[in-house]
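K.L.:
This is the content of model05.cif (mmCIF, C-alpha atoms and all ligand atoms):
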data_model
#
loop_
_atom_site.label_atom_id
_atom_site.label_comp_id
_atom_site.auth_asym_id
_atom_site.auth_seq_id
_atom_site.Cartn_x
_atom_site.Cartn_y
_atom_site.Cartn_z
CA MET A 1 90.46 45.14 -54.80
CA ALA A 2 90.87 41.75 -56.44
CA GLU A 3 89.06 42.72 -59.61
CA GLN A 4 90.97 42.14 -62.85
CA PRO A 5 92.31 45.40 -64.30
CA VAL A 6 91.22 44.35 -67.77
CA ARG A 7 88.13 42.38 -68.69
CA LYS A 8 88.16 41.75 -72.40
CA ALA A 9 85.28 42.55 -74.73
CA LEU A 10 83.54 39.48 -76.09
CA PRO A 11 81.43 39.13 -79.24
CA GLY A 12 77.88 40.45 -79.08
CA TYR A 13 78.42 43.33 -76.62
CA ARG A 14 79.41 41.04 -73.77
CA TRP A 15 82.44 41.32 -71.46
CA GLU A 16 84.52 38.86 -69.49
CA ALA A 17 83.31 38.36 -65.91
CA VAL A 18 80.16 40.44 -66.53
CA GLU A 19 76.87 38.68 -66.00
CA LEU A 20 73.92 39.20 -68.34
CA LEU A 21 71.07 40.33 -66.09
CA ALA A 22 67.38 40.93 -66.47
CA TYR A 23 66.61 44.63 -66.88
CA LYS A 24 64.13 44.59 -64.00
CA ALA A 25 62.19 41.96 -62.14
CA GLU A 26 59.48 40.61 -64.43
CA GLY A 27 56.19 42.38 -63.70
CA ALA A 28 57.85 45.19 -61.68
CA ALA A 29 57.24 47.75 -64.43
CA PRO A 30 56.27 47.74 -68.11
CA PHE A 31 59.14 47.21 -70.56
CA LYS A 32 59.88 45.01 -73.56
CA ASP A 33 63.03 43.00 -74.36
CA VAL A 34 65.76 44.75 -72.37
CA SER A 35 68.93 43.25 -70.86
CA ARG A 36 71.37 44.79 -68.39
CA GLN A 37 75.07 44.32 -67.61
CA ARG A 38 76.85 46.03 -64.72
CA LEU A 39 80.27 47.02 -66.09
CA PHE A 40 81.55 49.08 -63.16
CA ALA A 41 79.99 49.23 -59.71
CA SER A 42 82.20 49.88 -56.71
CA ALA A 43 81.65 51.90 -53.55
CA GLU A 44 84.62 54.20 -54.15
CA LEU A 45 83.28 55.34 -57.54
CA GLY A 46 79.98 56.74 -56.30
CA CYS A 47 78.46 55.81 -59.65
CA GLU A 48 77.80 52.75 -61.77
CA LEU A 49 78.31 52.15 -65.46
CA ARG A 50 75.86 49.73 -67.02
CA TYR A 51 75.25 48.50 -70.55
CA PHE A 52 71.63 48.11 -71.57
CA GLU A 53 70.41 46.51 -74.72
CA VAL A 54 66.88 46.96 -76.02
CA ALA A 55 65.99 44.33 -78.63
CA ALA A 56 64.66 45.50 -82.01
CA GLY A 57 61.20 46.95 -81.46
CA GLY A 58 61.59 46.87 -77.68
CA HIS A 59 61.52 49.66 -75.12
CA SER A 60 62.65 50.56 -71.62
CA THR A 61 60.26 51.56 -68.86
CA LEU A 62 58.68 55.01 -69.00
CA GLU A 63 59.75 56.37 -65.60
CA ARG A 64 61.15 59.31 -63.64
CA HIS A 65 63.26 59.65 -60.50
CA GLU A 66 65.55 61.98 -58.61
CA HIS A 67 68.81 60.34 -59.75
CA VAL A 68 70.22 61.29 -63.15
CA HIS A 69 71.44 59.26 -66.12
CA ALA A 70 74.31 59.97 -68.50
CA VAL A 71 73.94 57.80 -71.60
CA MET A 72 76.10 57.06 -74.64
CA ILE A 73 74.55 55.05 -77.45
CA LEU A 74 76.90 52.26 -78.58
CA ARG A 75 74.90 50.39 -81.20
CA GLY A 76 71.69 50.57 -83.18
CA ARG A 77 69.18 53.32 -83.71
CA GLY A 78 66.04 54.38 -82.00
CA ARG A 79 64.33 57.25 -80.28
CA CYS A 80 64.28 58.54 -76.76
CA LEU A 81 61.86 60.63 -74.78
CA VAL A 82 63.38 63.03 -72.25
CA ASP A 83 60.90 65.31 -70.52
CA ALA A 84 58.61 66.37 -73.40
CA GLN A 85 61.20 65.97 -76.14
CA VAL A 86 61.40 63.04 -78.57
CA SER A 87 64.81 62.64 -80.27
CA VAL A 88 66.25 60.28 -82.86
CA ILE A 89 69.39 58.59 -81.48
CA GLY A 90 72.23 56.57 -82.96
CA PRO A 91 75.79 55.44 -82.24
CA HIS A 92 77.89 57.72 -80.01
CA ASP A 93 75.10 60.20 -79.32
CA LEU A 94 75.03 61.40 -75.71
CA VAL A 95 71.78 61.66 -73.76
CA HIS A 96 71.49 63.47 -70.44
CA ILE A 97 68.44 62.70 -68.34
CA PRO A 98 68.01 65.27 -65.55
CA ALA A 99 66.27 64.60 -62.26
CA TRP A 100 62.50 64.03 -62.39
CA CYS A 101 62.21 64.00 -66.20
CA TRP A 102 60.06 61.31 -67.77
CA HIS A 103 62.27 59.16 -69.99
CA GLN A 104 62.09 56.11 -72.20
CA PHE A 105 64.23 54.48 -74.92
CA ARG A 106 62.73 52.74 -77.93
CA ALA A 107 64.70 50.63 -80.41
CA ASP A 108 63.91 50.82 -84.12
CA ALA A 109 62.86 47.61 -85.85
CA GLY A 110 65.69 45.52 -87.27
CA GLU A 111 68.56 46.06 -84.82
CA PRO A 112 69.07 46.19 -81.06
CA LEU A 113 69.67 49.56 -79.40
CA GLY A 114 72.62 49.29 -76.98
CA PHE A 115 73.83 52.04 -74.67
CA LEU A 116 76.11 52.77 -71.75
CA CYS A 117 74.37 54.37 -68.79
CA MET A 118 76.17 56.07 -65.92
CA VAL A 119 74.09 56.44 -62.80
CA ASN A 120 74.47 57.36 -59.12
CA ALA A 121 75.40 54.37 -56.95
CA GLU A 122 72.81 55.43 -54.36
CA ARG A 123 69.52 56.10 -56.06
CA ASP A 124 65.84 56.43 -55.41
CA ARG A 125 63.20 54.06 -56.73
CA PRO A 126 61.74 55.09 -60.13
CA GLN A 127 58.18 56.38 -60.31
CA LEU A 128 55.82 55.09 -62.99
CA PRO A 129 53.32 57.44 -64.66
CA THR A 130 49.78 57.59 -63.32
CA GLU A 131 46.91 57.79 -65.80
CA ASP A 132 46.88 61.57 -65.27
CA ASP A 133 50.62 61.77 -65.98
CA LEU A 134 50.12 59.78 -69.19
CA ALA A 135 47.23 61.98 -70.27
CA ALA A 136 49.39 65.08 -69.68
CA LEU A 137 52.28 63.60 -71.69
CA GLU A 138 49.96 62.59 -74.54
CA ARG A 139 48.67 66.12 -74.97
CA ASP A 140 51.82 66.65 -77.03
CA PRO A 141 51.13 64.83 -80.34
CA GLN A 142 54.80 63.97 -80.86
CA VAL A 143 55.01 62.40 -77.43
CA ALA A 144 51.70 60.58 -77.99
CA ASP A 145 53.05 59.09 -81.25
CA PHE A 146 56.21 58.02 -79.48
CA LEU A 147 54.38 56.34 -76.62
CA ARG A 148 52.01 54.49 -78.96
CA SER A 149 54.73 53.31 -81.37
MN MN B 1 65.70 55.73 -65.40
#
Please lay out the structure from this file as structure tokens.

P.N.:
Amino acid sequence: MAEQPVRKALPGYRWEAVELLAYKAEGAAPFKDVSRQRLFASAELGCELRYFEVAAGGHSTLERHEHVHAVMILRGRGRCLVDAQVSVIGPHDLVHIPAWCWHQFRADAGEPLGFLCMVNAERDRPQLPTEDDLAALERDPQVADFLRS
């Protein structure tokens, strides 16, 4: 493969020869102020490593799917929802998101939340919550607070 063995880190959590992408197509799903960079994505790996950055006060999409995520926080602080559990997260924390668990990342005010996310190369399309799903999630007061924050 012709890819450079080393692509240097650049200021601001950027990397040489890595394009800054939109998180998702605008309007495809609810989210706020998230960018995406594909760091590693090749057929022989079977997985991809991406870097996501959620701007201060922003959040990823609340979703679930069959494929799993393995996440390491690189910068900033925030909270994540995995299944029915809300957790405070900060640099170098590891977050495992099993199949079919509702999940969302929210950045605290004041600083972006940046994280590496390893994911299956072949993956199913995420499901968004129905109104019934949301009502079920919000029965837990901690989860309701998280979703409304
Ligand atoms: Mn996901």

K.L.:
Given a cut-off of 7 Å, what residues near ligand MN 1 (chain B) show up using only C-alpha atoms and all ligand atoms, put as a list in words?

P.N.:
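The distance check yields Glu63, Arg64, His65, His69, His103 and Pro126 of chain A.
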
K.L.:
Just C-alpha atoms for this one: save the residues we selected as a PDB file, in the frame of the given file.

P.N.:
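Dumped everything to result39.pdb:
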ATOM      1  CA  GLU A  63      59.750  56.370 -65.600  1.00  0.00           C
ATOM      2  CA  ARG A  64      61.150  59.310 -63.640  1.00  0.00           C
ATOM      3  CA  HIS A  65      63.260  59.650 -60.500  1.00  0.00           C
ATOM      4  CA  HIS A  69      71.440  59.260 -66.120  1.00  0.00           C
ATOM      5  CA  HIS A 103      62.270  59.160 -69.990  1.00  0.00           C
ATOM      6  CA  PRO A 126      61.740  55.090 -60.130  1.00  0.00           C
TER       7      PRO A 126
END

K.L.:
Between CA of Lys32 (chain A) and CA of Ala107 (chain A), what is the spacing in Å?

P.N.:
10.1 Å

K.L.:
Would you kindly identify which residues have an atom no farther than 10 Å from (65.7, 45.7, -74.7), using all atoms listed in the file and the file's own coordinates, and write them out as an mmCIF file with C-alpha atoms, keeping the file's coordinate frame?

P.N.:
data_model
loop_
_atom_site.group_PDB
_atom_site.id
_atom_site.type_symbol
_atom_site.label_atom_id
_atom_site.label_comp_id
_atom_site.auth_asym_id
_atom_site.auth_seq_id
_atom_site.Cartn_x
_atom_site.Cartn_y
_atom_site.Cartn_z
ATOM 1 C CA ALA A 22 67.380 40.930 -66.470
ATOM 2 C CA TYR A 23 66.610 44.630 -66.880
ATOM 3 C CA PHE A 31 59.140 47.210 -70.560
ATOM 4 C CA LYS A 32 59.880 45.010 -73.560
ATOM 5 C CA ASP A 33 63.030 43.000 -74.360
ATOM 6 C CA VAL A 34 65.760 44.750 -72.370
ATOM 7 C CA SER A 35 68.930 43.250 -70.860
ATOM 8 C CA ARG A 36 71.370 44.790 -68.390
ATOM 9 C CA PHE A 52 71.630 48.110 -71.570
ATOM 10 C CA GLU A 53 70.410 46.510 -74.720
ATOM 11 C CA VAL A 54 66.880 46.960 -76.020
ATOM 12 C CA ALA A 55 65.990 44.330 -78.630
ATOM 13 C CA ALA A 56 64.660 45.500 -82.010
ATOM 14 C CA GLY A 57 61.200 46.950 -81.460
ATOM 15 C CA GLY A 58 61.590 46.870 -77.680
ATOM 16 C CA HIS A 59 61.520 49.660 -75.120
ATOM 17 C CA SER A 60 62.650 50.560 -71.620
ATOM 18 C CA THR A 61 60.260 51.560 -68.860
ATOM 19 C CA PHE A 105 64.230 54.480 -74.920
ATOM 20 C CA ARG A 106 62.730 52.740 -77.930
ATOM 21 C CA ALA A 107 64.700 50.630 -80.410
ATOM 22 C CA PRO A 112 69.070 46.190 -81.060
ATOM 23 C CA LEU A 113 69.670 49.560 -79.400
ATOM 24 C CA GLY A 114 72.620 49.290 -76.980
#

K.L.:
For CA of Glu3 (chain A) and CA of Trp15 (chain A), determine how far apart the two atoms are, in Å to one decimal place.

P.N.:
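So the two atoms, CA of Glu3 (chain A) and CA of Trp15 (chain A), lie 13.6 Å apart.
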
K.L.:
Excluding Val143 (chain A) and residues on its chain fewer than 2 positions from it, collect all residues at most 10 Å away from it, counting only C-alpha atoms, and give them as a ChimeraX atom specification.

P.N.:
/A:81-86,134,136-141,145-149

K.L.:
Between CA of Pro91 (chain A) and CA of Gln37 (chain A), measure the distance and give it in Å to one decimal.

P.N.:
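A separation of 18.4 Å between them.
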
K.L.:
Counting all atoms listed in the file, select every polymer residue within 6 Å of (75.6, 56.0, -53.3) as defined in the file's coordinates, and provide the selection as a list in words.

P.N.:
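Residues lying no farther than 6 Å from the given point: Gly46, Ala121 and Glu122 of chain A.
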
K.L.:
Considering all atoms listed in the file, can you say which of A:Val6, A:Val88, A:Leu128, A:Ala43 comes closest to Trp100 (chain A)?

P.N.:
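The closest residue to Trp100 (chain A) is A:Leu128.
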
K.L.:
For Leu116 (chain A), work out the shell of residues within 6 Å, counting only C-alpha atoms and skipping chain neighbours fewer than 5 positions away, then give it as a ChimeraX atom specification.

P.N.:
/A:50-51,71-72

K.L.:
Considering only C-alpha atoms, return as a PyMOL selection string whatever protein or nucleic-acid residues lie within 9 Å of His67 (chain A), sequence-local ones (same chain, fewer than 5 positions apart) excluded.

P.N.:
chain A and resi 97-100+119-120+122-126

K.L.:
With distances taken over all atoms listed in the file, which of A:Ile89, A:Val68, A:Met118, A:Ala144 is nearest to Leu45 (chain A)?

P.N.:
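The closest residue to Leu45 (chain A) is A:Met118.
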